[in-house]
Amino acid sequence: MKRHPLDRLFRPESVAVVGASPKGGYGLRILRNMRGVGFEGRLYVVNPGRTEVGGVRAYPSLGDLPEAPDAVAAAIPAAGVPALAAEAVRVGAGSMVVYGAGFAERDDAGRALQAELVAAADGRLPLIGPNCLGAVSYRGRAALWGIEMPYVHAGADGTVALAAQSGNMALTTMLSGRLPAVAYAVSAGNQAVLDLADCLEYFLTDPGVRVVCLVMEGLADLARFRVLAERAAERDVAVIVLKVGRSAGGEAATVAHTGTLAGRDASYEALFRQTGVYRVDDLDEMVALCSLLAVPNRPRGTAIGFFASSGGECGLTADVADAAGVRLADLDEAAESALAAAVPPYQRPRNPMDLGASAWGDRDSYYAAARAMGECPAVDVVAFSGDAPTHSDPLDEFGWPEMMGGAGDAAAELDVPVVLMTMTTDVTPELGELARRNGVVLLAGARPALRAIALAGRPRPSVRAEEADPTDSATRRSAAELLDGRTGALTETESKRLLALYGVASPDGEVASDADSAVAIADRLGYPVVGKLHAPGVAHKSDIGGVEVGLADATAVREAFHRIMRRAAAALDGLDGGPPPGVLVERMAGPGVELIVGGRNDTAGSLVVLGAGGVLTELLDDAASLLWPFGRDDVHAALSRLRVNALLGGHRGGPPADVEALADAALRVGRLLSDHPEIAEIDVNPLLCRPKGEGCLALDALIVADPARKGGAS
């Protein structure tokens, strides 16, 4: 059976540690870590000044080794790394990990050195780093890791794989006592050769991996990541991402950290939603969600059945659950009857359920409560609370084994997870071990726990091929001709002509150069009409008073024309060149919901944004993003997240809007962007979504061209 190219990194039979010295440092630590995880292969040291280091024989160079090593740990200064990589390629080494800093994250000289390293690897040497802590394969009992690390995962059949650009965040997660057993962990650093997508691809070859956790700053190839995320979804492998660099300050920090541009966050958010990737906000959330998704019975929804031996904890949980997006399930009669039998007569069965202080430490009470709630069809997750912080009494003296045992017995009989949710994140390590032994999921902290339940129970999108057929060649050719040689903003009429080629309609209208022609156009169109300034270079006409609506007759049109032209003259004073301004006269549209459908092409691909339009765009900040390719279902899912969606359904007796036509418009804008990467931006605002059956109209449109993007932006 053919080996995967990264098998020699993650399942090595021989490892050479270059630069190991008895004085300490990464090299000596790697030797200790290899022994700590139980490496059974052949271990070598390369150090021309030593005959042995840490009990391992040393050789002058890689070429002097008795074999080509599967993995090389480069624990040497940055300046010597490119030459070492070239030597590794010559001797046939299988992989390399480069720990040192001073590469692309530092300055121009560092970027040049990193380019030299990539050239030396020559596409033949899989390489982790530079500027990283290394890679650990607990599955392969290999620890190419340069500092302290936990060895406990080497003795377990890990279901979790972890890869992070930040070495410290990778280590912090590995050290957590609440994380399920880990199979692989990688600190990817600058990702000069191998990146997080390469790690994800390898993790998906291991059938034992159920959850992949990624801590990322940016991705070089979102399209490739998308394919891998969809492959993970097909195999029921949960992918959890903590994406840093969401804010402007965070993005600046990530550039300084690894030299990786984080990119615009909306593209990542859209990508994650469309591929079923779970996005978390911090490490507590990531560990909690990982714990919940690693169990055999994952949550089937976001409704919980909750009980505790504390009324206060019941009240707090109800408050936090609502904010986190978790519902308290409605209990059926069977569940209420079973709960009533398990509590004192003065306790009324409900959800959340206060079992009372007398139930603390009682195995039967916790079994009965968990079983009653877990058998209720409306309950997706059974959760109970209790805390054992750092300074707690010994667990076996405080009733914990009995309560956990009762909840665990119920968990073994149910098809939903049973969760112990602590109110704080301060948890004694013994509690996690006790929960694991009893088949109970420990989630530390009320908010991270409930956020994890909300994320785990959210419906995942189905993995499917792109819905729309490719654009016909005549349409693409006509659009390309219209865009040929254009730079900057197209006029409104040009923008609408381009949109019309892709099936996005606009109101009938023509450009008038004088008041008489404006009246003639209005007479042909029929009243009322709209008058809008038509001048190259003016993107936002309303800002200078260049839009007049509701013009009901010829006199109104004539007067509006003169007002618009006077305002244009003042606004355009001093601008030379270009055709003289005119007025676009259009038939005024009827009722409907005003939205914005826009988008852009950048390094992430073609992004389409839907949201509240017209005067509400900036006021409400109500928008959702989609990354091409997407389908009709994705558009409907995006609309469901908008506040303006209530208007589309027919708010307060109004007619329902033509949502299918709206979805069609979004798809057409996405295809236009994808077909023509030379389009930098599209802004259709407002797009009028008319009553059902009447379609949508682009009332205003702006397209910005940038020929420099052609051939590579998307």
# chains A, B, ... in the order shown; residues from 1 in each chain; ligands from 1
>>> residues_around(residues="Gly312 (chain A)", least_positions_apart="4", cutoff="12 Å", atoms="only C-alpha atoms", output="VMD selection string")
chain A and resid 307 to 308 316 to 319 352 to 357 385 to 386 423
>>> write_last_selection(atoms="all heavy atoms", output="compact mmCIF listing (two decimals), in the first residue's frame")
# COMPACT_ATOMS: atom_id res chain seq x y z
N PHE A 307 -30.31 19.84 35.10
CA PHE A 307 -30.66 19.69 36.51
C PHE A 307 -29.43 19.97 37.36
O PHE A 307 -28.29 19.92 36.90
CB PHE A 307 -31.23 18.30 36.80
CG PHE A 307 -30.27 17.16 36.57
CD1 PHE A 307 -29.48 16.66 37.60
CD2 PHE A 307 -30.18 16.55 35.32
CE1 PHE A 307 -28.61 15.60 37.39
CE2 PHE A 307 -29.31 15.49 35.10
CZ PHE A 307 -28.52 15.01 36.14
N ALA A 308 -29.68 20.32 38.62
CA ALA A 308 -28.62 20.64 39.57
C ALA A 308 -29.16 20.52 40.97
O ALA A 308 -30.38 20.46 41.18
CB ALA A 308 -28.09 22.06 39.32
N LEU A 316 -29.05 30.73 36.79
CA LEU A 316 -27.95 31.27 36.00
C LEU A 316 -27.85 30.55 34.65
O LEU A 316 -27.65 31.19 33.61
CB LEU A 316 -26.64 31.11 36.77
CG LEU A 316 -25.37 31.56 36.03
CD1 LEU A 316 -25.44 33.03 35.66
CD2 LEU A 316 -24.12 31.27 36.86
N THR A 317 -28.01 29.25 34.66
CA THR A 317 -27.93 28.48 33.42
C THR A 317 -29.02 28.91 32.44
O THR A 317 -28.77 29.04 31.24
CB THR A 317 -28.05 26.98 33.71
OG1 THR A 317 -26.94 26.58 34.53
CG2 THR A 317 -28.04 26.16 32.42
N ALA A 318 -30.23 29.14 32.95
CA ALA A 318 -31.32 29.58 32.08
C ALA A 318 -30.98 30.92 31.42
O ALA A 318 -31.23 31.12 30.23
CB ALA A 318 -32.62 29.69 32.87
N ASP A 319 -30.37 31.83 32.18
CA ASP A 319 -30.01 33.14 31.63
C ASP A 319 -28.91 33.02 30.58
O ASP A 319 -29.01 33.59 29.49
CB ASP A 319 -29.52 34.06 32.75
CG ASP A 319 -30.66 34.50 33.68
OD1 ASP A 319 -31.83 34.37 33.27
OD2 ASP A 319 -30.36 34.97 34.78
N PRO A 352 -35.20 24.20 33.82
CA PRO A 352 -34.21 23.43 34.57
C PRO A 352 -34.77 22.90 35.89
O PRO A 352 -35.67 23.51 36.47
CB PRO A 352 -33.10 24.44 34.80
CG PRO A 352 -33.78 25.77 34.80
CD PRO A 352 -34.89 25.66 33.81
N MET A 353 -34.20 21.79 36.34
CA MET A 353 -34.73 21.08 37.51
C MET A 353 -33.78 21.21 38.69
O MET A 353 -32.61 20.80 38.62
CB MET A 353 -34.90 19.60 37.17
CG MET A 353 -35.46 18.75 38.29
SD MET A 353 -37.19 19.13 38.58
CE MET A 353 -37.29 19.00 40.35
N ASP A 354 -34.27 21.82 39.77
CA ASP A 354 -33.52 21.89 41.02
C ASP A 354 -33.83 20.63 41.82
O ASP A 354 -34.94 20.46 42.33
CB ASP A 354 -33.92 23.15 41.79
CG ASP A 354 -33.20 23.25 43.14
OD1 ASP A 354 -32.28 22.45 43.39
OD2 ASP A 354 -33.59 24.14 43.92
N LEU A 355 -32.86 19.72 41.92
CA LEU A 355 -33.07 18.48 42.67
C LEU A 355 -33.08 18.70 44.18
O LEU A 355 -33.52 17.82 44.92
CB LEU A 355 -31.97 17.47 42.32
CG LEU A 355 -31.85 17.02 40.86
CD1 LEU A 355 -30.73 16.00 40.72
CD2 LEU A 355 -33.17 16.45 40.36
N GLY A 356 -32.59 19.85 44.60
CA GLY A 356 -32.51 20.12 46.04
C GLY A 356 -31.20 19.64 46.62
O GLY A 356 -30.52 18.75 46.08
N ALA A 357 -30.82 20.25 47.75
CA ALA A 357 -29.53 19.93 48.37
C ALA A 357 -29.45 18.48 48.82
O ALA A 357 -28.36 17.88 48.85
CB ALA A 357 -29.30 20.87 49.55
N SER A 385 -25.03 20.34 36.67
CA SER A 385 -23.96 21.22 37.13
C SER A 385 -23.44 20.80 38.49
O SER A 385 -24.10 20.11 39.27
CB SER A 385 -24.44 22.68 37.19
OG SER A 385 -25.30 22.87 38.29
N GLY A 386 -22.23 21.27 38.74
CA GLY A 386 -21.55 21.05 40.00
C GLY A 386 -20.13 21.53 39.83
O GLY A 386 -19.59 21.50 38.72
N MET A 423 -19.81 25.74 36.69
CA MET A 423 -20.17 27.15 36.58
C MET A 423 -18.95 28.04 36.33
O MET A 423 -19.06 29.12 35.77
CB MET A 423 -20.87 27.62 37.86
CG MET A 423 -22.25 27.00 38.07
SD MET A 423 -23.49 27.53 36.85
CE MET A 423 -23.60 26.05 35.82
>>> residues_around(residues="Ala623 (chain A)", least_positions_apart="2", cutoff="12 Å", atoms="only C-alpha atoms", output="compact mmCIF listing (two decimals) with all heavy atoms, in the first residue's frame")
# COMPACT_ATOMS: atom_id res chain seq x y z
N ALA A 266 -14.68 38.37 6.66
CA ALA A 266 -15.97 37.95 6.11
C ALA A 266 -15.82 36.75 5.19
O ALA A 266 -16.69 35.88 5.14
CB ALA A 266 -16.62 39.11 5.35
N ALA A 270 -17.73 33.19 5.86
CA ALA A 270 -18.58 32.57 4.85
C ALA A 270 -18.10 31.16 4.52
O ALA A 270 -18.90 30.22 4.42
CB ALA A 270 -18.60 33.43 3.59
N LEU A 595 -32.83 45.94 -0.37
CA LEU A 595 -31.67 45.20 0.14
C LEU A 595 -30.42 45.66 -0.58
O LEU A 595 -30.50 46.37 -1.58
CB LEU A 595 -31.87 43.69 -0.05
CG LEU A 595 -33.08 43.11 0.68
CD1 LEU A 595 -34.01 42.48 -0.31
CD2 LEU A 595 -32.65 42.12 1.73
N ILE A 596 -29.30 45.20 -0.08
CA ILE A 596 -28.04 45.39 -0.79
C ILE A 596 -27.53 44.01 -1.18
O ILE A 596 -27.56 43.07 -0.38
CB ILE A 596 -27.00 46.14 0.07
CG1 ILE A 596 -25.71 46.33 -0.72
CG2 ILE A 596 -26.73 45.43 1.39
CD1 ILE A 596 -24.68 47.23 -0.03
N VAL A 597 -27.11 43.86 -2.41
CA VAL A 597 -26.41 42.67 -2.87
C VAL A 597 -25.13 43.17 -3.50
O VAL A 597 -25.15 43.84 -4.54
CB VAL A 597 -27.24 41.86 -3.89
CG1 VAL A 597 -26.43 40.66 -4.37
CG2 VAL A 597 -28.54 41.38 -3.28
N GLY A 598 -24.04 42.91 -2.85
CA GLY A 598 -22.76 43.38 -3.34
C GLY A 598 -21.72 42.30 -3.27
O GLY A 598 -22.01 41.14 -2.97
N GLY A 599 -20.50 42.66 -3.56
CA GLY A 599 -19.44 41.66 -3.50
C GLY A 599 -18.12 42.22 -3.93
O GLY A 599 -18.01 43.38 -4.36
N VAL A 608 -19.83 37.44 -1.90
CA VAL A 608 -21.09 38.15 -2.09
C VAL A 608 -21.68 38.47 -0.73
O VAL A 608 -21.68 37.64 0.18
CB VAL A 608 -22.08 37.30 -2.92
CG1 VAL A 608 -23.46 37.96 -2.96
CG2 VAL A 608 -21.55 37.12 -4.33
N VAL A 609 -22.19 39.70 -0.59
CA VAL A 609 -22.76 40.16 0.67
C VAL A 609 -24.23 40.50 0.45
O VAL A 609 -24.58 41.20 -0.50
CB VAL A 609 -22.02 41.39 1.21
CG1 VAL A 609 -22.65 41.88 2.51
CG2 VAL A 609 -20.54 41.07 1.43
N LEU A 610 -25.09 39.99 1.32
CA LEU A 610 -26.52 40.29 1.32
C LEU A 610 -26.85 41.04 2.60
O LEU A 610 -26.31 40.72 3.66
CB LEU A 610 -27.34 39.00 1.31
CG LEU A 610 -27.18 38.04 0.14
CD1 LEU A 610 -27.81 36.71 0.49
CD2 LEU A 610 -27.84 38.61 -1.09
N GLY A 611 -27.76 42.00 2.51
CA GLY A 611 -28.13 42.69 3.73
C GLY A 611 -29.22 43.72 3.52
O GLY A 611 -29.75 43.89 2.42
N ALA A 612 -29.56 44.40 4.61
CA ALA A 612 -30.54 45.48 4.54
C ALA A 612 -29.96 46.59 3.67
O ALA A 612 -28.81 46.99 3.81
CB ALA A 612 -30.84 46.00 5.94
N GLY A 613 -30.77 47.10 2.73
CA GLY A 613 -30.28 48.07 1.76
C GLY A 613 -30.89 49.44 1.92
O GLY A 613 -31.59 49.73 2.90
N LEU A 616 -31.02 51.90 5.16
CA LEU A 616 -30.80 51.05 6.33
C LEU A 616 -29.43 50.38 6.32
O LEU A 616 -29.03 49.79 7.32
CB LEU A 616 -31.88 49.96 6.40
CG LEU A 616 -33.33 50.43 6.54
CD1 LEU A 616 -34.25 49.22 6.57
CD2 LEU A 616 -33.51 51.26 7.80
N THR A 617 -28.69 50.46 5.21
CA THR A 617 -27.45 49.71 5.08
C THR A 617 -26.48 50.00 6.21
O THR A 617 -26.03 49.09 6.91
CB THR A 617 -26.78 50.01 3.72
OG1 THR A 617 -27.67 49.62 2.67
CG2 THR A 617 -25.48 49.25 3.58
N GLU A 618 -26.12 51.26 6.39
CA GLU A 618 -25.17 51.60 7.43
C GLU A 618 -25.82 51.70 8.80
O GLU A 618 -25.17 51.47 9.82
CB GLU A 618 -24.47 52.92 7.08
CG GLU A 618 -23.63 52.82 5.81
CD GLU A 618 -22.97 54.14 5.46
OE1 GLU A 618 -23.17 55.12 6.21
OE2 GLU A 618 -22.25 54.20 4.45
N LEU A 619 -27.11 52.00 8.82
CA LEU A 619 -27.79 52.17 10.11
C LEU A 619 -27.92 50.84 10.85
O LEU A 619 -27.67 50.76 12.05
CB LEU A 619 -29.19 52.77 9.87
CG LEU A 619 -30.03 53.04 11.13
CD1 LEU A 619 -29.35 54.08 12.00
CD2 LEU A 619 -31.43 53.50 10.73
N LEU A 620 -28.30 49.79 10.14
CA LEU A 620 -28.55 48.50 10.80
C LEU A 620 -27.33 47.60 10.86
O LEU A 620 -27.26 46.73 11.72
CB LEU A 620 -29.69 47.76 10.07
CG LEU A 620 -31.08 48.38 10.15
CD1 LEU A 620 -32.08 47.47 9.46
CD2 LEU A 620 -31.50 48.62 11.60
N ASP A 621 -26.38 47.76 9.92
CA ASP A 621 -25.24 46.85 9.84
C ASP A 621 -25.73 45.40 9.86
O ASP A 621 -25.29 44.58 10.66
CB ASP A 621 -24.28 47.11 11.00
CG ASP A 621 -22.96 46.37 10.82
OD1 ASP A 621 -22.62 46.01 9.67
OD2 ASP A 621 -22.27 46.10 11.82
N SER A 625 -22.51 37.06 4.54
CA SER A 625 -21.61 36.88 3.41
C SER A 625 -21.64 35.44 2.91
O SER A 625 -21.85 34.50 3.68
CB SER A 625 -20.17 37.24 3.82
OG SER A 625 -20.09 38.58 4.24
N LEU A 626 -21.37 35.30 1.62
CA LEU A 626 -21.29 33.99 0.97
C LEU A 626 -20.07 33.97 0.06
O LEU A 626 -19.82 34.92 -0.68
CB LEU A 626 -22.54 33.72 0.14
CG LEU A 626 -23.86 33.56 0.91
CD1 LEU A 626 -25.05 33.71 -0.02
CD2 LEU A 626 -23.89 32.21 1.59
N VAL A 635 -27.99 30.71 0.16
CA VAL A 635 -28.57 32.06 0.17
C VAL A 635 -29.72 32.12 1.18
O VAL A 635 -29.81 33.06 1.98
CB VAL A 635 -29.06 32.46 -1.22
CG1 VAL A 635 -29.69 33.86 -1.18
CG2 VAL A 635 -27.92 32.44 -2.23
N ALA A 638 -28.36 32.26 4.63
CA ALA A 638 -27.82 33.59 4.94
C ALA A 638 -28.94 34.57 5.24
O ALA A 638 -28.86 35.37 6.19
CB ALA A 638 -26.97 34.09 3.77
N LEU A 639 -30.02 34.53 4.45
CA LEU A 639 -31.16 35.43 4.68
C LEU A 639 -31.79 35.19 6.05
O LEU A 639 -32.24 36.13 6.71
CB LEU A 639 -32.20 35.26 3.58
CG LEU A 639 -31.79 35.75 2.18
CD1 LEU A 639 -32.85 35.35 1.15
CD2 LEU A 639 -31.60 37.26 2.17
N SER A 640 -31.82 33.94 6.47
CA SER A 640 -32.45 33.61 7.76
C SER A 640 -31.71 34.23 8.93
O SER A 640 -32.28 34.37 10.02
CB SER A 640 -32.53 32.09 7.94
OG SER A 640 -31.24 31.54 8.17
N ARG A 641 -30.45 34.62 8.74
CA ARG A 641 -29.66 35.23 9.81
C ARG A 641 -29.82 36.75 9.87
O ARG A 641 -29.28 37.39 10.77
CB ARG A 641 -28.18 34.88 9.64
CG ARG A 641 -27.87 33.40 9.67
CD ARG A 641 -26.39 33.14 9.82
NE ARG A 641 -25.59 33.62 8.71
CZ ARG A 641 -25.32 32.91 7.62
NH1 ARG A 641 -25.82 31.69 7.49
NH2 ARG A 641 -24.56 33.39 6.66
N LEU A 642 -30.56 37.33 8.92
CA LEU A 642 -30.71 38.78 8.85
C LEU A 642 -31.96 39.26 9.58
O LEU A 642 -33.00 38.61 9.52
CB LEU A 642 -30.78 39.23 7.39
CG LEU A 642 -29.57 38.90 6.50
CD1 LEU A 642 -29.84 39.34 5.08
CD2 LEU A 642 -28.31 39.55 7.04
N ARG A 643 -31.86 40.42 10.20
CA ARG A 643 -33.04 41.01 10.83
C ARG A 643 -34.07 41.43 9.78
O ARG A 643 -35.27 41.36 10.01
CB ARG A 643 -32.63 42.21 11.69
CG ARG A 643 -31.74 41.83 12.87
CD ARG A 643 -31.59 42.97 13.85
NE ARG A 643 -30.87 44.11 13.30
CZ ARG A 643 -29.54 44.20 13.23
NH1 ARG A 643 -28.79 43.19 13.64
NH2 ARG A 643 -28.97 45.29 12.75
N VAL A 644 -33.57 41.86 8.62
CA VAL A 644 -34.47 42.31 7.56
C VAL A 644 -35.28 41.15 6.97
O VAL A 644 -36.24 41.35 6.24
CB VAL A 644 -33.66 43.03 6.46
CG1 VAL A 644 -32.90 42.03 5.59
CG2 VAL A 644 -34.56 43.90 5.60
N ASN A 645 -34.90 39.92 7.31
CA ASN A 645 -35.62 38.75 6.78
C ASN A 645 -37.09 38.77 7.19
O ASN A 645 -37.95 38.22 6.49
CB ASN A 645 -34.95 37.47 7.27
CG ASN A 645 -35.48 36.24 6.57
OD1 ASN A 645 -35.57 36.19 5.35
ND2 ASN A 645 -35.86 35.24 7.34
>>> residues_around(residues="region 433-441 of chain A", least_positions_apart="5", cutoff="7 Å", atoms="only C-alpha atoms", output="JSON, numbers by chain")
{"A": [291, 292, 404, 405, 408, 411, 418, 419, 420]}
>>> write_last_selection(atoms="N, CA, C and O atoms", output="PDB file, in the first residue's frame")
ATOM      1  N   SER A 291     -14.415  18.478  23.135  1.00  0.00           N
ATOM      2  CA  SER A 291     -14.834  17.426  24.066  1.00  0.00           C
ATOM      3  C   SER A 291     -16.220  16.897  23.718  1.00  0.00           C
ATOM      4  O   SER A 291     -16.483  15.698  23.804  1.00  0.00           O
ATOM      5  N   LEU A 292     -17.098  17.795  23.303  1.00  0.00           N
ATOM      6  CA  LEU A 292     -18.480  17.415  23.012  1.00  0.00           C
ATOM      7  C   LEU A 292     -18.590  16.655  21.692  1.00  0.00           C
ATOM      8  O   LEU A 292     -19.423  15.751  21.552  1.00  0.00           O
ATOM      9  N   MET A 404     -21.437  11.180  39.754  1.00  0.00           N
ATOM     10  CA  MET A 404     -20.907  10.908  38.429  1.00  0.00           C
ATOM     11  C   MET A 404     -21.239   9.492  37.993  1.00  0.00           C
ATOM     12  O   MET A 404     -21.516   9.239  36.811  1.00  0.00           O
ATOM     13  N   GLY A 405     -21.242   8.580  38.948  1.00  0.00           N
ATOM     14  CA  GLY A 405     -21.594   7.205  38.617  1.00  0.00           C
ATOM     15  C   GLY A 405     -23.033   7.086  38.166  1.00  0.00           C
ATOM     16  O   GLY A 405     -23.342   6.384  37.193  1.00  0.00           O
ATOM     17  N   GLY A 408     -23.349   8.646  34.779  1.00  0.00           N
ATOM     18  CA  GLY A 408     -22.683   7.791  33.809  1.00  0.00           C
ATOM     19  C   GLY A 408     -23.500   6.559  33.468  1.00  0.00           C
ATOM     20  O   GLY A 408     -23.530   6.125  32.311  1.00  0.00           O
ATOM     21  N   ALA A 411     -25.961   7.717  31.052  1.00  0.00           N
ATOM     22  CA  ALA A 411     -25.346   8.012  29.756  1.00  0.00           C
ATOM     23  C   ALA A 411     -25.163   6.749  28.927  1.00  0.00           C
ATOM     24  O   ALA A 411     -25.331   6.759  27.703  1.00  0.00           O
ATOM     25  N   VAL A 418     -24.373  13.091  27.872  1.00  0.00           N
ATOM     26  CA  VAL A 418     -24.621  13.586  29.225  1.00  0.00           C
ATOM     27  C   VAL A 418     -23.409  14.418  29.631  1.00  0.00           C
ATOM     28  O   VAL A 418     -22.273  13.943  29.587  1.00  0.00           O
ATOM     29  N   VAL A 419     -23.663  15.652  30.011  1.00  0.00           N
ATOM     30  CA  VAL A 419     -22.612  16.640  30.217  1.00  0.00           C
ATOM     31  C   VAL A 419     -22.618  17.129  31.659  1.00  0.00           C
ATOM     32  O   VAL A 419     -23.680  17.460  32.204  1.00  0.00           O
ATOM     33  N   LEU A 420     -21.436  17.168  32.274  1.00  0.00           N
ATOM     34  CA  LEU A 420     -21.254  17.897  33.528  1.00  0.00           C
ATOM     35  C   LEU A 420     -20.765  19.284  33.167  1.00  0.00           C
ATOM     36  O   LEU A 420     -19.693  19.454  32.580  1.00  0.00           O
TER      37      LEU A 420
END
>>> residues_around(residues="region 193-199 of chain A", least_positions_apart="6", cutoff="8 Å", atoms="only C-alpha atoms", output="ChimeraX atom specification")
/A:118,126-129,163-165,186,214,216,219,224-225,228
>>> closest_residue(among="A:Glu285, A:Asp683, A:Glu678, A:Glu660", to="Asp633 (chain A)", atoms="only C-alpha atoms")
A:Glu660
>>> residues_around(residues="Leu667 (chain A)", least_positions_apart="4", cutoff="8 Å", atoms="only C-alpha atoms", output="short mmCIF file (atom, residue, chain, number, x, y, z; two decimals) with all heavy atoms, in the first residue's frame")
data_model
loop_
_atom_site.label_atom_id
_atom_site.label_comp_id
_atom_site.auth_asym_id
_atom_site.auth_seq_id
_atom_site.Cartn_x
_atom_site.Cartn_y
_atom_site.Cartn_z
N ALA A 468 -25.48 26.17 -10.02
CA ALA A 468 -25.69 26.88 -11.28
C ALA A 468 -24.84 26.29 -12.40
O ALA A 468 -23.74 25.81 -12.19
CB ALA A 468 -25.36 28.35 -11.10
N PHE A 630 -21.57 28.99 -4.25
CA PHE A 630 -22.61 28.68 -3.26
C PHE A 630 -23.89 28.37 -4.01
O PHE A 630 -24.01 28.60 -5.22
CB PHE A 630 -22.81 29.85 -2.28
CG PHE A 630 -23.07 31.18 -2.92
CD1 PHE A 630 -24.36 31.54 -3.33
CD2 PHE A 630 -22.05 32.10 -3.11
CE1 PHE A 630 -24.61 32.78 -3.91
CE2 PHE A 630 -22.29 33.34 -3.70
CZ PHE A 630 -23.57 33.68 -4.10
N GLY A 631 -24.86 27.82 -3.29
CA GLY A 631 -26.11 27.42 -3.90
C GLY A 631 -27.29 28.16 -3.31
O GLY A 631 -27.15 28.98 -2.40
N ARG A 632 -28.44 27.85 -3.83
CA ARG A 632 -29.67 28.51 -3.39
C ARG A 632 -29.93 28.30 -1.90
O ARG A 632 -30.36 29.22 -1.19
CB ARG A 632 -30.84 27.99 -4.23
CG ARG A 632 -32.11 28.84 -4.18
CD ARG A 632 -33.09 28.36 -5.22
NE ARG A 632 -32.58 28.60 -6.57
CZ ARG A 632 -32.76 29.74 -7.22
NH1 ARG A 632 -33.44 30.74 -6.65
NH2 ARG A 632 -32.29 29.91 -8.44
N ALA A 663 -32.71 35.18 -4.25
CA ALA A 663 -31.66 34.16 -4.26
C ALA A 663 -31.02 34.06 -5.63
O ALA A 663 -29.79 33.93 -5.76
CB ALA A 663 -32.24 32.81 -3.83
N ARG A 671 -21.71 34.65 -9.70
CA ARG A 671 -21.13 34.12 -10.93
C ARG A 671 -20.45 35.23 -11.74
O ARG A 671 -19.39 35.01 -12.33
CB ARG A 671 -22.21 33.44 -11.77
CG ARG A 671 -21.64 32.82 -13.03
CD ARG A 671 -22.53 31.78 -13.62
NE ARG A 671 -22.59 30.59 -12.80
CZ ARG A 671 -21.60 29.69 -12.71
NH1 ARG A 671 -20.48 29.89 -13.35
NH2 ARG A 671 -21.74 28.63 -11.96
#
>>> select_by_dssp(residues="region 264-382 of chain A", states="strand (DSSP E)", output="NGL selection string")
:A and (278-280 or 303-308 or 327-328 or 353-354 or 381-382)
>>> write_last_selection(atoms="N, CA and C atoms", output="tab-separated table (two decimals), in the first residue's frame")
chain	number	residue	atom	x	y	z
A	278	TYR	N	-16.82	24.41	12.32
A	278	TYR	CA	-17.24	25.05	13.57
A	278	TYR	C	-16.25	26.15	13.92
A	279	ARG	N	-16.73	27.38	14.03
A	279	ARG	CA	-15.84	28.48	14.38
A	279	ARG	C	-16.05	28.86	15.84
A	280	VAL	N	-14.95	28.92	16.60
A	280	VAL	CA	-15.01	29.27	18.01
A	280	VAL	C	-14.29	30.59	18.24
A	303	ALA	N	-31.27	21.87	22.19
A	303	ALA	CA	-32.17	21.89	23.35
A	303	ALA	C	-31.59	21.02	24.46
A	304	ILE	N	-31.51	21.57	25.65
A	304	ILE	CA	-30.94	20.82	26.77
A	304	ILE	C	-32.00	20.53	27.81
A	305	GLY	N	-31.76	19.44	28.53
A	305	GLY	CA	-32.45	19.17	29.77
A	305	GLY	C	-31.44	19.35	30.88
A	306	PHE	N	-31.71	20.22	31.84
A	306	PHE	CA	-30.70	20.61	32.82
A	306	PHE	C	-31.21	20.37	34.23
A	307	PHE	N	-30.31	19.84	35.10
A	307	PHE	CA	-30.66	19.69	36.51
A	307	PHE	C	-29.43	19.97	37.36
A	308	ALA	N	-29.68	20.32	38.62
A	308	ALA	CA	-28.62	20.64	39.57
A	308	ALA	C	-29.16	20.52	40.97
A	327	ARG	N	-31.60	26.28	23.88
A	327	ARG	CA	-32.98	26.26	24.39
A	327	ARG	C	-33.10	25.27	25.54
A	328	LEU	N	-33.96	25.61	26.47
A	328	LEU	CA	-34.36	24.66	27.50
A	328	LEU	C	-35.55	23.88	26.96
A	353	MET	N	-34.20	21.79	36.34
A	353	MET	CA	-34.73	21.08	37.51
A	353	MET	C	-33.78	21.21	38.69
A	354	ASP	N	-34.27	21.82	39.77
A	354	ASP	CA	-33.52	21.89	41.02
A	354	ASP	C	-33.83	20.63	41.82
A	381	VAL	N	-29.36	17.30	24.58
A	381	VAL	CA	-28.21	17.15	25.47
A	381	VAL	C	-28.72	17.17	26.90
A	382	VAL	N	-28.25	16.22	27.71
A	382	VAL	CA	-28.54	16.25	29.14
A	382	VAL	C	-27.36	16.92	29.84
>>> atom_distance(atom1="CA of Cys376 (chain A)", atom2="CA of Asn351 (chain A)")
11.5 Å
>>> closest_residue(among="A:Gly361, A:Gly315, A:Ala569, A:Ala698", to="Asp396 (chain A)", atoms="only C-alpha atoms")
A:Gly361
